[in-house]
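Shown below: data_11.cif, with mmCIF, C-alpha atoms and all ligand atoms.
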data_work
loop_
_atom_site.label_atom_id
_atom_site.label_comp_id
_atom_site.auth_asym_id
_atom_site.auth_seq_id
_atom_site.Cartn_x
_atom_site.Cartn_y
_atom_site.Cartn_z
CA MET F 201 83.66 103.90 89.10
CA GLU F 202 83.79 105.51 85.68
CA LYS F 203 83.31 109.25 85.65
CA LEU F 204 80.09 110.41 83.99
CA ALA F 205 80.46 112.33 80.74
CA ILE F 206 78.31 115.07 82.23
CA ASN F 207 81.05 115.52 84.88
CA GLY F 208 83.85 115.57 82.34
CA GLY F 209 84.37 111.82 81.82
CA LYS F 210 84.52 109.98 78.51
CA PRO F 211 81.09 109.28 76.99
CA VAL F 212 80.02 105.66 76.46
CA ARG F 213 79.92 106.32 72.70
CA GLU F 214 81.18 108.91 70.27
CA ASP F 215 78.08 109.50 68.16
CA LYS F 216 74.60 110.14 69.42
CA ILE F 217 71.97 107.40 69.35
CA TYR F 218 68.29 108.36 69.44
CA TYR F 219 65.26 106.64 70.99
CA GLY F 220 63.75 105.70 67.64
CA ARG F 221 64.53 105.80 63.96
CA GLN F 222 63.00 104.67 60.68
CA TRP F 223 64.67 102.12 58.42
CA ILE F 224 64.34 102.95 54.72
CA ASP F 225 66.14 100.75 52.20
CA GLU F 226 66.58 100.69 48.41
CA ASP F 227 63.34 98.70 47.91
CA ASP F 228 61.41 101.46 49.67
CA VAL F 229 63.05 104.12 47.53
CA SER F 230 62.24 102.38 44.27
CA ALA F 231 58.66 101.64 45.41
CA VAL F 232 58.10 105.36 45.95
CA SER F 233 59.88 106.55 42.83
CA SER F 234 57.97 104.18 40.55
CA VAL F 235 54.72 105.75 41.76
CA LEU F 236 56.05 109.27 41.21
CA THR F 237 56.38 108.61 37.49
CA SER F 238 53.07 106.71 37.18
CA SER F 239 49.64 108.20 36.35
CA TYR F 240 48.42 108.41 39.92
CA LEU F 241 49.98 110.42 42.69
CA THR F 242 46.95 110.07 44.92
CA CYS F 243 43.78 107.99 45.12
CA GLY F 244 45.22 105.39 42.79
CA PRO F 245 45.86 101.67 42.84
CA LYS F 246 48.48 101.69 45.62
CA VAL F 247 46.11 103.00 48.27
CA ASN F 248 43.64 100.33 47.24
CA THR F 249 46.28 97.60 47.40
CA LEU F 250 47.45 98.87 50.77
CA GLU F 251 43.94 98.75 52.19
CA ARG F 252 43.36 95.20 50.93
CA THR F 253 46.80 94.11 52.18
CA LEU F 254 46.13 95.50 55.65
CA GLU F 255 42.74 93.79 55.70
CA SER F 256 44.45 90.49 55.16
CA TYR F 257 47.33 91.28 57.52
CA THR F 258 45.02 92.27 60.39
CA THR F 259 42.20 89.89 59.33
CA ALA F 260 39.78 92.83 59.67
CA LYS F 261 36.96 93.06 57.16
CA HIS F 262 37.72 96.65 56.13
CA ALA F 263 40.67 99.04 56.12
CA VAL F 264 40.62 102.74 55.24
CA ALA F 265 43.92 104.53 54.61
CA VAL F 266 44.16 108.15 55.76
CA SER F 267 46.74 110.92 55.94
CA ASN F 268 47.97 110.25 59.49
CA GLY F 269 47.15 108.54 62.78
CA THR F 270 45.42 111.60 64.18
CA ALA F 271 43.10 111.70 61.15
CA ALA F 272 42.43 107.99 61.74
CA LEU F 273 41.33 108.74 65.30
CA HIS F 274 39.23 111.72 64.19
CA CYS F 275 37.47 109.60 61.54
CA ALA F 276 36.84 106.86 64.12
CA CYS F 277 35.23 109.39 66.47
CA ILE F 278 33.07 110.71 63.62
CA ALA F 279 32.03 107.18 62.65
CA ALA F 280 31.27 106.44 66.30
CA GLY F 281 28.91 109.42 66.22
CA ILE F 282 30.64 111.39 68.98
CA LYS F 283 28.64 114.60 69.43
CA PRO F 284 28.97 117.66 71.68
CA GLY F 285 28.56 116.63 75.30
CA ASP F 286 29.29 112.93 74.73
CA GLU F 287 31.87 111.45 77.07
CA VAL F 288 34.67 109.24 75.82
CA ILE F 289 36.97 107.42 78.22
CA THR F 290 40.67 107.27 77.43
CA THR F 291 44.10 107.05 79.06
CA PRO F 292 46.19 110.06 80.11
CA LEU F 293 49.50 108.27 79.38
CA THR F 294 49.45 108.74 75.62
CA PHE F 295 50.19 111.15 72.82
CA ALA F 296 47.75 114.07 72.92
CA ALA F 297 46.00 112.95 69.70
CA SER F 298 44.25 110.08 71.55
CA ALA F 299 42.25 112.68 73.48
CA ASN F 300 42.26 115.58 71.00
CA CYS F 301 40.19 113.54 68.56
CA ILE F 302 37.36 113.52 71.11
CA LEU F 303 37.51 117.32 71.39
CA TYR F 304 37.42 117.67 67.58
CA CYS F 305 33.89 116.24 67.75
CA GLY F 306 32.86 118.35 70.74
CA GLY F 307 33.09 115.32 73.03
CA ILE F 308 34.47 115.29 76.55
CA PRO F 309 37.63 113.27 77.22
CA VAL F 310 37.36 111.39 80.51
CA PHE F 311 40.72 110.12 81.73
CA ALA F 312 40.80 106.74 83.43
CA ASP F 313 43.97 105.78 85.27
CA ILE F 314 46.52 103.22 84.12
CA ASP F 315 47.67 99.95 85.62
CA PRO F 316 50.96 100.99 87.30
CA GLU F 317 52.74 97.85 86.08
CA THR F 318 51.68 97.51 82.43
CA TYR F 319 51.07 101.28 81.93
CA ASN F 320 47.94 100.50 79.92
CA ILE F 321 44.48 101.75 80.85
CA ASP F 322 43.05 99.63 83.66
CA PRO F 323 39.66 98.15 82.68
CA GLU F 324 38.43 98.49 86.27
CA ASN F 325 39.06 102.23 86.13
CA ILE F 326 37.16 102.48 82.84
CA GLU F 327 34.09 101.08 84.55
CA LYS F 328 34.28 103.64 87.37
CA TYR F 329 33.86 106.51 84.93
CA ILE F 330 30.90 105.25 82.88
CA THR F 331 27.86 107.55 83.02
CA ASN F 332 24.76 107.81 80.86
CA LYS F 333 26.71 110.23 78.64
CA THR F 334 29.53 107.78 77.89
CA LYS F 335 29.61 106.84 74.23
CA ALA F 336 32.96 105.19 73.62
CA VAL F 337 36.31 104.06 74.98
CA ILE F 338 39.61 104.87 73.29
CA ALA F 339 42.19 102.43 74.64
CA VAL F 340 45.85 102.82 73.67
CA ASP F 341 48.21 99.89 73.19
CA PHE F 342 50.97 101.79 74.97
CA THR F 343 54.51 100.93 73.78
CA GLY F 344 52.92 98.33 71.48
CA GLN F 345 51.63 96.07 74.22
CA SER F 346 48.01 95.10 73.70
CA VAL F 347 45.44 96.47 76.10
CA LYS F 348 43.25 93.95 77.89
CA ASN F 349 41.06 93.52 74.86
CA LYS F 350 38.72 90.94 76.33
CA GLU F 351 37.98 92.87 79.52
CA ILE F 352 37.46 96.13 77.62
CA ARG F 353 35.27 94.40 75.03
CA ASP F 354 33.10 92.95 77.83
CA ILE F 355 32.72 96.35 79.50
CA CYS F 356 31.81 98.00 76.18
CA ASP F 357 29.26 95.29 75.38
CA LYS F 358 27.73 95.52 78.83
CA HIS F 359 27.32 99.30 78.66
CA ASN F 360 26.68 99.60 74.94
CA LEU F 361 29.85 101.59 74.23
CA ILE F 362 31.93 101.74 71.08
CA PHE F 363 35.44 100.37 71.54
CA ILE F 364 38.12 102.27 69.61
CA GLU F 365 41.67 100.96 69.89
CA ASP F 366 44.48 103.46 69.37
CA ALA F 367 47.09 101.06 67.99
CA ALA F 368 49.51 103.75 66.81
CA HIS F 369 52.25 101.80 68.62
CA ALA F 370 50.97 98.34 67.92
CA ILE F 371 51.09 97.27 64.29
CA GLY F 372 52.42 93.71 64.39
CA THR F 373 51.17 92.94 67.91
CA LYS F 374 48.81 90.02 68.58
CA TYR F 375 46.37 89.50 71.41
CA ASN F 376 45.63 85.86 72.22
CA GLY F 377 46.94 84.99 68.77
CA LYS F 378 44.72 87.53 66.97
CA PRO F 379 46.26 90.52 65.20
CA ILE F 380 45.59 93.96 66.67
CA GLY F 381 43.23 95.55 64.17
CA SER F 382 40.74 92.69 64.21
CA LEU F 383 39.42 93.06 67.76
CA ALA F 384 37.99 96.49 68.61
CA ASP F 385 35.04 98.12 66.81
CA MET F 386 37.59 100.36 65.11
CA THR F 387 41.38 100.25 65.34
CA CYS F 388 43.58 103.21 64.42
CA PHE F 389 47.18 102.88 63.29
CA SER F 390 49.84 105.53 62.70
CA PHE F 391 52.73 105.29 60.27
CA HIS F 392 54.73 108.31 61.36
CA PRO F 393 58.50 107.73 60.98
CA VAL F 394 59.04 106.95 64.68
CA LYS F 395 56.44 104.17 64.57
CA THR F 396 57.28 100.55 63.71
CA ILE F 397 56.76 100.96 59.96
CA THR F 398 56.28 104.23 58.14
CA ALA F 399 54.55 105.97 55.25
CA GLY F 400 56.26 109.30 56.03
CA GLU F 401 52.90 110.41 57.37
CA GLY F 402 50.04 107.97 57.30
CA GLY F 403 47.24 106.26 59.17
CA VAL F 404 44.78 103.43 58.76
CA ILE F 405 41.50 102.51 60.43
CA THR F 406 40.36 98.89 60.42
CA THR F 407 36.88 97.62 61.27
CA ASN F 408 34.71 94.54 60.89
CA ASP F 409 31.54 96.63 60.77
CA ASP F 410 30.00 97.63 57.42
CA LEU F 411 28.25 100.70 58.80
CA PHE F 412 31.37 102.08 60.49
CA TYR F 413 33.25 101.38 57.26
CA ARG F 414 30.84 103.44 55.20
CA LYS F 415 31.05 106.33 57.66
CA LEU F 416 34.86 106.17 57.70
CA VAL F 417 35.00 106.32 53.91
CA LEU F 418 32.75 109.38 53.88
CA ALA F 419 34.60 111.10 56.72
CA HIS F 420 37.98 110.90 54.98
CA THR F 421 36.85 112.31 51.62
CA HIS F 422 34.64 115.35 52.28
CA GLY F 423 31.51 113.29 52.94
CA ILE F 424 31.36 112.73 49.19
CA THR F 425 30.16 109.46 47.69
CA HIS F 426 30.03 107.88 44.24
CA ASP F 427 27.95 105.01 45.61
CA GLU F 428 24.39 105.19 44.27
CA ASP F 429 23.04 103.36 47.30
CA LEU F 430 24.15 106.21 49.52
CA MET F 431 22.81 109.02 47.31
CA GLU F 432 19.62 110.90 47.94
CA GLU F 433 18.97 112.14 44.42
CA ALA F 434 19.85 108.94 42.52
CA PRO F 435 19.03 107.71 39.84
CA HIS F 436 21.73 110.12 38.87
CA GLU F 437 22.37 112.30 35.88
CA GLY F 438 25.46 110.58 34.46
CA ASN F 439 28.71 108.87 35.31
CA TRP F 440 30.26 112.12 36.46
CA TYR F 441 27.67 112.52 39.19
CA TYR F 442 28.54 112.32 42.87
CA GLU F 443 26.96 113.66 46.02
CA GLN F 444 28.11 115.15 49.25
CA VAL F 445 25.87 113.47 51.81
CA ASP F 446 27.76 114.37 54.97
CA LEU F 447 30.36 116.87 56.16
CA GLY F 448 33.76 115.23 55.86
CA PHE F 449 37.43 116.12 55.52
CA ASN F 450 40.24 115.62 53.06
CA TYR F 451 42.22 113.01 54.97
CA ARG F 452 43.37 110.96 51.98
CA MET F 453 46.69 109.18 51.76
CA THR F 454 48.74 109.62 48.60
CA ASP F 455 49.72 106.71 46.37
CA PHE F 456 53.44 107.15 46.96
CA GLN F 457 52.91 107.01 50.72
CA ALA F 458 50.88 103.83 50.23
CA ALA F 459 53.69 102.38 48.10
CA LEU F 460 56.21 103.15 50.84
CA LEU F 461 54.02 101.51 53.46
CA LEU F 462 53.43 98.42 51.29
CA SER F 463 57.18 98.07 50.92
CA GLN F 464 57.69 98.56 54.68
CA LEU F 465 54.98 96.01 55.50
CA LYS F 466 57.06 93.32 53.81
CA LYS F 467 59.69 93.90 56.47
CA LEU F 468 57.36 94.08 59.47
CA GLU F 469 58.02 90.53 60.66
CA THR F 470 61.81 91.05 60.48
CA PHE F 471 61.47 94.38 62.28
CA LYS F 472 59.31 92.74 64.92
CA ALA F 473 61.78 89.91 65.50
CA ARG F 474 64.65 92.38 65.92
CA ARG F 475 62.65 94.59 68.26
CA GLN F 476 61.77 91.55 70.36
CA GLU F 477 65.41 90.51 70.44
CA ILE F 478 66.48 93.92 71.76
CA VAL F 479 63.66 93.96 74.32
CA LYS F 480 64.77 90.55 75.57
CA ARG F 481 68.37 91.67 75.94
CA TYR F 482 67.33 94.86 77.75
CA ASP F 483 64.99 92.93 80.08
CA GLU F 484 67.84 90.58 80.94
CA ALA F 485 70.32 93.39 81.51
CA PHE F 486 68.01 95.37 83.79
CA LYS F 487 66.48 92.46 85.69
CA ASN F 488 68.99 92.63 88.51
CA ILE F 489 69.27 96.40 88.81
CA PRO F 490 67.03 97.38 91.71
CA GLU F 491 66.92 101.04 90.65
CA ILE F 492 65.30 100.15 87.30
CA ILE F 493 61.73 98.90 86.97
CA VAL F 494 60.77 97.36 83.63
CA GLN F 495 57.32 97.33 82.07
CA LYS F 496 55.22 94.27 82.88
CA GLU F 497 53.92 92.29 79.92
CA ILE F 498 50.54 90.60 80.00
CA MET F 499 50.56 86.98 78.88
CA GLU F 500 47.94 87.56 76.19
CA SER F 501 50.07 90.03 74.25
CA ASP F 502 52.63 88.94 71.66
CA THR F 503 54.08 92.42 71.49
CA CYS F 504 55.85 94.15 68.66
CA ARG F 505 57.39 96.70 71.01
CA HIS F 506 57.48 100.27 69.76
CA LEU F 507 59.09 101.80 72.87
CA TYR F 508 61.30 100.46 75.60
CA ILE F 509 60.69 102.30 78.83
CA ILE F 510 62.82 102.13 81.93
CA ARG F 511 61.23 103.43 85.10
CA LEU F 512 63.62 104.82 87.66
CA ASP F 513 63.02 104.02 91.29
CA LEU F 514 63.91 107.52 92.43
CA ASN F 515 63.89 106.51 96.11
CA LYS F 516 66.99 104.46 95.42
CA LEU F 517 68.82 107.13 93.42
CA SER F 518 70.44 110.37 94.52
CA CYS F 519 69.45 112.12 91.26
CA THR F 520 66.25 113.46 89.76
CA ARG F 521 64.82 112.05 86.52
CA ARG F 522 65.98 115.22 84.81
CA GLU F 523 69.56 114.65 86.02
CA PHE F 524 69.44 111.02 84.89
CA TYR F 525 68.14 112.08 81.46
CA ASP F 526 70.83 114.77 81.08
CA ALA F 527 73.52 112.29 82.14
CA MET F 528 72.32 109.77 79.52
CA SER F 529 72.34 112.53 76.94
CA ALA F 530 75.97 113.38 77.80
CA GLU F 531 76.84 109.69 77.34
CA ASN F 532 75.38 110.21 73.81
CA VAL F 533 72.27 108.15 74.44
CA GLN F 534 69.36 110.45 73.69
CA CYS F 535 66.28 109.30 75.59
CA GLN F 536 62.73 110.64 75.44
CA ILE F 537 59.82 110.76 77.85
CA HIS F 538 56.55 109.12 76.75
CA TYR F 539 54.43 110.91 77.80
CA VAL F 540 53.53 113.97 79.83
CA PRO F 541 50.02 113.11 81.16
CA VAL F 542 47.70 114.66 78.57
CA TYR F 543 45.55 116.59 81.05
CA TRP F 544 48.64 118.36 82.44
CA PHE F 545 49.00 120.38 79.25
CA PRO F 546 47.86 124.02 79.50
CA TYR F 547 45.13 123.47 76.91
CA TYR F 548 43.54 120.78 79.06
CA LYS F 549 44.22 122.69 82.27
CA HIS F 550 42.23 125.60 80.85
CA LEU F 551 39.39 123.18 80.08
CA GLY F 552 39.27 122.46 83.81
CA TYR F 553 41.28 119.25 84.22
CA LYS F 554 43.26 119.21 87.45
CA ARG F 555 46.50 117.59 88.51
CA GLY F 556 45.99 114.62 90.77
CA LEU F 557 43.24 113.17 88.58
CA CYS F 558 45.08 109.92 87.79
CA PRO F 559 47.57 109.16 90.58
CA ASN F 560 49.07 105.99 89.02
CA THR F 561 49.83 107.85 85.81
CA GLU F 562 51.38 110.79 87.62
CA GLU F 563 53.52 108.51 89.80
CA VAL F 564 54.69 106.43 86.83
CA TYR F 565 55.36 109.57 84.78
CA LYS F 566 57.86 110.84 87.40
CA GLY F 567 60.31 108.02 86.71
CA ILE F 568 59.87 106.90 83.10
CA MET F 569 62.30 107.29 80.21
CA SER F 570 62.32 105.69 76.76
CA ILE F 571 65.71 104.33 75.75
CA PRO F 572 66.69 103.62 72.12
CA LEU F 573 64.73 100.84 70.42
CA TYR F 574 64.59 100.37 66.66
CA PRO F 575 65.39 97.46 64.39
CA LYS F 576 68.40 99.02 62.69
CA MET F 577 70.30 99.25 65.99
CA SER F 578 73.43 97.14 65.98
CA ASP F 579 74.35 94.80 68.83
CA GLN F 580 77.03 97.32 69.74
CA ASP F 581 74.43 100.13 69.91
CA MET F 582 72.34 97.95 72.21
CA GLU F 583 75.28 97.20 74.50
CA ASP F 584 76.23 100.90 74.57
CA VAL F 585 72.73 101.78 75.77
CA ILE F 586 72.89 99.15 78.51
CA CYS F 587 76.35 100.32 79.46
CA ALA F 588 75.19 103.94 79.72
CA VAL F 589 72.18 103.03 81.87
CA ILE F 590 74.35 101.00 84.24
CA LYS F 591 77.01 103.70 84.37
CA VAL F 592 74.49 106.40 85.26
CA VAL F 593 72.73 104.18 87.83
CA GLU F 594 76.02 103.31 89.52
CA ASN F 595 77.03 106.94 89.75
CA TYR F 596 73.75 107.94 91.37
CA ARG F 597 73.16 104.84 93.48
CA LYS F 598 72.30 105.86 97.05
C1 LIG F 601 51.75 108.82 66.98
C2 LIG F 601 50.51 108.65 67.76
C3 LIG F 601 49.28 109.15 67.31
C4 LIG F 601 49.14 110.08 66.15
O1 LIG F 601 49.64 109.62 64.98
P1 LIG F 601 50.12 110.65 63.83
O2 LIG F 601 50.32 109.73 62.66
O3 LIG F 601 51.39 111.25 64.31
O4 LIG F 601 49.06 111.63 63.63
C5 LIG F 601 48.14 108.84 68.04
N1 LIG F 601 48.22 108.10 69.15
C6 LIG F 601 49.39 107.63 69.64
C7 LIG F 601 49.39 106.79 70.87
C8 LIG F 601 50.57 107.90 68.95
O5 LIG F 601 51.73 107.46 69.46
#
Turn this file's structure into structure tokens for me.
Amino acid sequence: MEKLAINGGKPVREDKIYYGRQWIDEDDVSAVSSVLTSSYLTCGPKVNTLERTLESYTTAKHAVAVSNGTAALHCACIAAGIKPGDEVITTPLTFAASANCILYCGGIPVFADIDPETYNIDPENIEKYITNKTKAVIAVDFTGQSVKNKEIRDICDKHNLIFIEDAAHAIGTKYNGKPIGSLADMTCFSFHPVKTITAGEGGVITTNDDLFYRKLVLAHTHGITHDEDLMEEAPHEGNWYYEQVDLGFNYRMTDFQAALLLSQLKKLETFKARRQEIVKRYDEAFKNIPEIIVQKEIMESDTCRHLYIIRLDLNKLSCTRREFYDAMSAENVQCQIHYVPVYWFPYYKHLGYKRGLCPNTEEVYKGIMSIPLYPKMSDQDMEDVICAVIKVVENYRK
């Protein structure tokens, strides 16, 4: 057996590979620089083109571009009318922003446990937590795999709840042939550099609902409107006149970010195909390793995978997850853990959330690790990752 690098052996590769990485090419660079020398740095034609392009890409009626994915979620909660004391059901296996956005509005995050095989929120658990204070559900397409849209839609319709989809991982994914972004009442995307395509920082909310759309537009620009139909004092005093009719934020995206995202969008299908190729190779390589559990895919999801997660069966290994992670790191494969259950964080603990709340999540969390997945990986990179996983497993096999 080959000696682990952590014990003084030779690492699988010389240079470090990370779990995710953006891919910026010359087209992206020139798209951004042409905006920098144009008349508009922000609120110009590129943001408008981006919104219209994402409407057609997702087939949603409306898209609103904002400064980041967290702002997208905050705007969605505002548009949903989340008020102090309202309960919103979400998953604990997510980035903190999926729950923080509820707190921004004074709402109460209610964590419903995941399905231990797909790692997405389990619709049956959503139903268990519905009370007369429940206003909305924020479901996360974890790793890019679609949540059970139909089941969640049915529950929301039955109980008169607003369905917000946190699709920060899921641009490019389809559910039953329909693009994510066209299904929930509001869908929020993130374009942070680790996500599938990037604007540097950026977010978008899509919706088919005219009323939500109007509220989203107000929320992301100070609650200010130029639309006479929305004004109280109109007929107005002149073309310069606008009104603040609500309390909103400055969550606008700049034009050069929009230009970058438009350029990246052109490559989304290629990125998706490459991500799927890598996922397929990983699935194949890990299929016959009993110590590794791979994420289950639901049939309805044509997934543009953002993360590839291996779950260690720690009963079959003589190491802890920490030791496995450190060993991978020494082999120069830098993994990451997605995510610490949100309610474990001190901030949530101080709000009164207790460990043990979502047993599936906590059990899954113990063994998970995201290995490198991004379209620019070479075949050699991919084989190195597989090689490192197998090497570490073999060294710690019981
Ligand atoms: C990245 C992410 C966000 C937040 O997006 P930002 O653009 O970083 O603000 C929200 N939810 C999930 C699931 C994410 O992964």
#### Entry: Test item: residues lying within 9 Å of ligand LIG 601 (chain F) with all atoms listed in the file, as a PyMOL selection string
chain F and resi 267-273+293-299+340-343+366-369+388-395+400-403+538
### Message
Counting only C-alpha atoms, which residue out of F:Lys576, F:Arg213, F:Lys374, F:Lys516 sits closest to Arg474 of chain F?
### Response
F:Lys576
### Task
Would you mind listing what lies within 8 Å of Ile278 of chain F as a list in words, with only C-alpha atoms counted and same-chain residues fewer than 3 positions away left out?
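The residues that qualify are His274, Cys275, Gly281, Ile282, Cys305, Lys415, Leu416 and Ala419 of chain F.
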### Message
With distances taken over all atoms listed in the file, which residue among F:Glu226, F:Thr561, F:Gln345, F:Asp446 lies nearest Ile424 of chain F?
### Response
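Going through F:Glu226, F:Thr561, F:Gln345, F:Asp446 one by one, the smallest distance to Ile424 of chain F is for F:Asp446.
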Proximity check segment 228-341 of chain F to segment 479-494 of chain F, 12 Å, nearest pairs one decimal Å, all atoms listed in the file, as CSV:
residue,atom,partner,partner_atom,distance
F:Pro316,CA,F:Ile493,CA,11.0
F:Glu317,CA,F:Val494,CA,8.4
F:Thr318,CA,F:Val494,CA,9.2
F:Tyr319,CA,F:Val494,CA,10.6
### Summary
Closest of F:Val404, F:Leu551, F:Leu573, F:Ile206 to Ile308 of chain F, counting all atoms listed in the file, is F:Leu551
#### Entry: Polymer residues at most 9 Å from (73.0, 114.7, 82.3) by all atoms listed in the file, as an NGL selection string
:F and (204-207 or 522-531 or 592)
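If only C-alpha atoms are the atoms counted, then among F:Thr242, F:Ile289, F:Pro309, F:Gly344 the closest residue to Asn450 of chain F is F:Thr242.
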### Task
Counting all atoms listed in the file, find the residues whose atoms lie at most 12 Å from (48.3, 88.9, 79.8) (file coordinates) and write them out as a PyMOL selection string.
chain F and resi 317-318+320+345-351+374-377+496-503
### Task
Find the residue from F:Met569, F:Leu460, F:Leu507, F:Cys519 that sits nearest to Cys535 of chain F; use only C-alpha atoms when measuring.
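The shortest atom-to-atom distance to Cys535 of chain F comes from F:Met569.
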### Pick from F:Leu361, F:Ala339, F:Leu418, F:Leu462, whichever lies nearest to Leu250 of chain F using all atoms listed in the file
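Closest residue, counting all atoms listed in the file: F:Leu462.
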### Query
Near segment 323-331 of chain F, within 12 Å and counting all atoms listed in the file, which residues show up once chain neighbours fewer than 6 positions away are dropped, as a PyMOL selection string?
chain F and resi 285-291+309-315+337-340+347-361+363+557-560
Just the residues within 7 Å of Ala265 of chain F, please, counting all atoms listed in the file, with nothing from its chain fewer than 3 positions along; format it as an mmCIF file with C-alpha atoms, in the coordinates of the input.
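So part30.cif came out as:
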data_model
loop_
_atom_site.group_PDB
_atom_site.id
_atom_site.type_symbol
_atom_site.label_atom_id
_atom_site.label_comp_id
_atom_site.auth_asym_id
_atom_site.auth_seq_id
_atom_site.Cartn_x
_atom_site.Cartn_y
_atom_site.Cartn_z
ATOM 1 C CA VAL F 247 46.110 103.000 48.270
ATOM 2 C CA GLU F 251 43.940 98.750 52.190
ATOM 3 C CA GLY F 403 47.240 106.260 59.170
ATOM 4 C CA VAL F 404 44.780 103.430 58.760
ATOM 5 C CA ILE F 405 41.500 102.510 60.430
ATOM 6 C CA ARG F 452 43.370 110.960 51.980
ATOM 7 C CA MET F 453 46.690 109.180 51.760
#
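Straight-line separation from atom CA of Leu303 of chain F to atom CA of Lys283 of chain F: 9.5 Å.
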How would segment 532-537 of chain F read, as a compact mmCIF listing (two decimals), in the coordinates of the input, once all heavy atoms are built in?
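Contents of out_8.txt, as written:
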# COMPACT_ATOMS: atom_id res chain seq x y z
N ASN F 532 75.79 110.32 75.22
CA ASN F 532 75.38 110.21 73.81
C ASN F 532 74.28 109.18 73.57
O ASN F 532 74.18 108.59 72.50
CB ASN F 532 76.58 109.97 72.89
CG ASN F 532 77.32 111.27 72.63
OD1 ASN F 532 76.70 112.34 72.58
ND2 ASN F 532 78.63 111.19 72.51
N VAL F 533 73.48 108.97 74.60
CA VAL F 533 72.27 108.15 74.44
C VAL F 533 71.09 109.08 74.70
O VAL F 533 70.83 109.50 75.83
CB VAL F 533 72.24 106.95 75.42
CG1 VAL F 533 70.94 106.18 75.28
CG2 VAL F 533 73.45 106.05 75.18
N GLN F 534 70.42 109.46 73.61
CA GLN F 534 69.36 110.45 73.69
C GLN F 534 68.03 109.76 73.98
O GLN F 534 67.49 109.07 73.13
CB GLN F 534 69.28 111.24 72.37
CG GLN F 534 68.40 112.45 72.46
CD GLN F 534 68.89 113.43 73.53
OE1 GLN F 534 70.04 113.87 73.53
NE2 GLN F 534 68.02 113.74 74.48
N CYS F 535 67.54 109.93 75.19
CA CYS F 535 66.28 109.30 75.59
C CYS F 535 65.11 110.25 75.30
O CYS F 535 65.31 111.36 74.83
CB CYS F 535 66.32 108.94 77.06
SG CYS F 535 67.66 107.80 77.44
N GLN F 536 63.91 109.80 75.61
CA GLN F 536 62.73 110.64 75.44
C GLN F 536 61.74 110.23 76.54
O GLN F 536 61.88 109.15 77.12
CB GLN F 536 62.15 110.42 74.03
CG GLN F 536 60.96 111.25 73.66
CD GLN F 536 61.17 112.74 73.83
OE1 GLN F 536 60.98 113.27 74.92
NE2 GLN F 536 61.54 113.43 72.75
N ILE F 537 60.81 111.10 76.83
CA ILE F 537 59.82 110.76 77.85
C ILE F 537 58.46 110.57 77.16
O ILE F 537 57.97 111.48 76.51
CB ILE F 537 59.69 111.86 78.93
CG1 ILE F 537 61.06 112.28 79.48
CG2 ILE F 537 58.73 111.42 80.03
CD1 ILE F 537 61.89 111.22 80.14
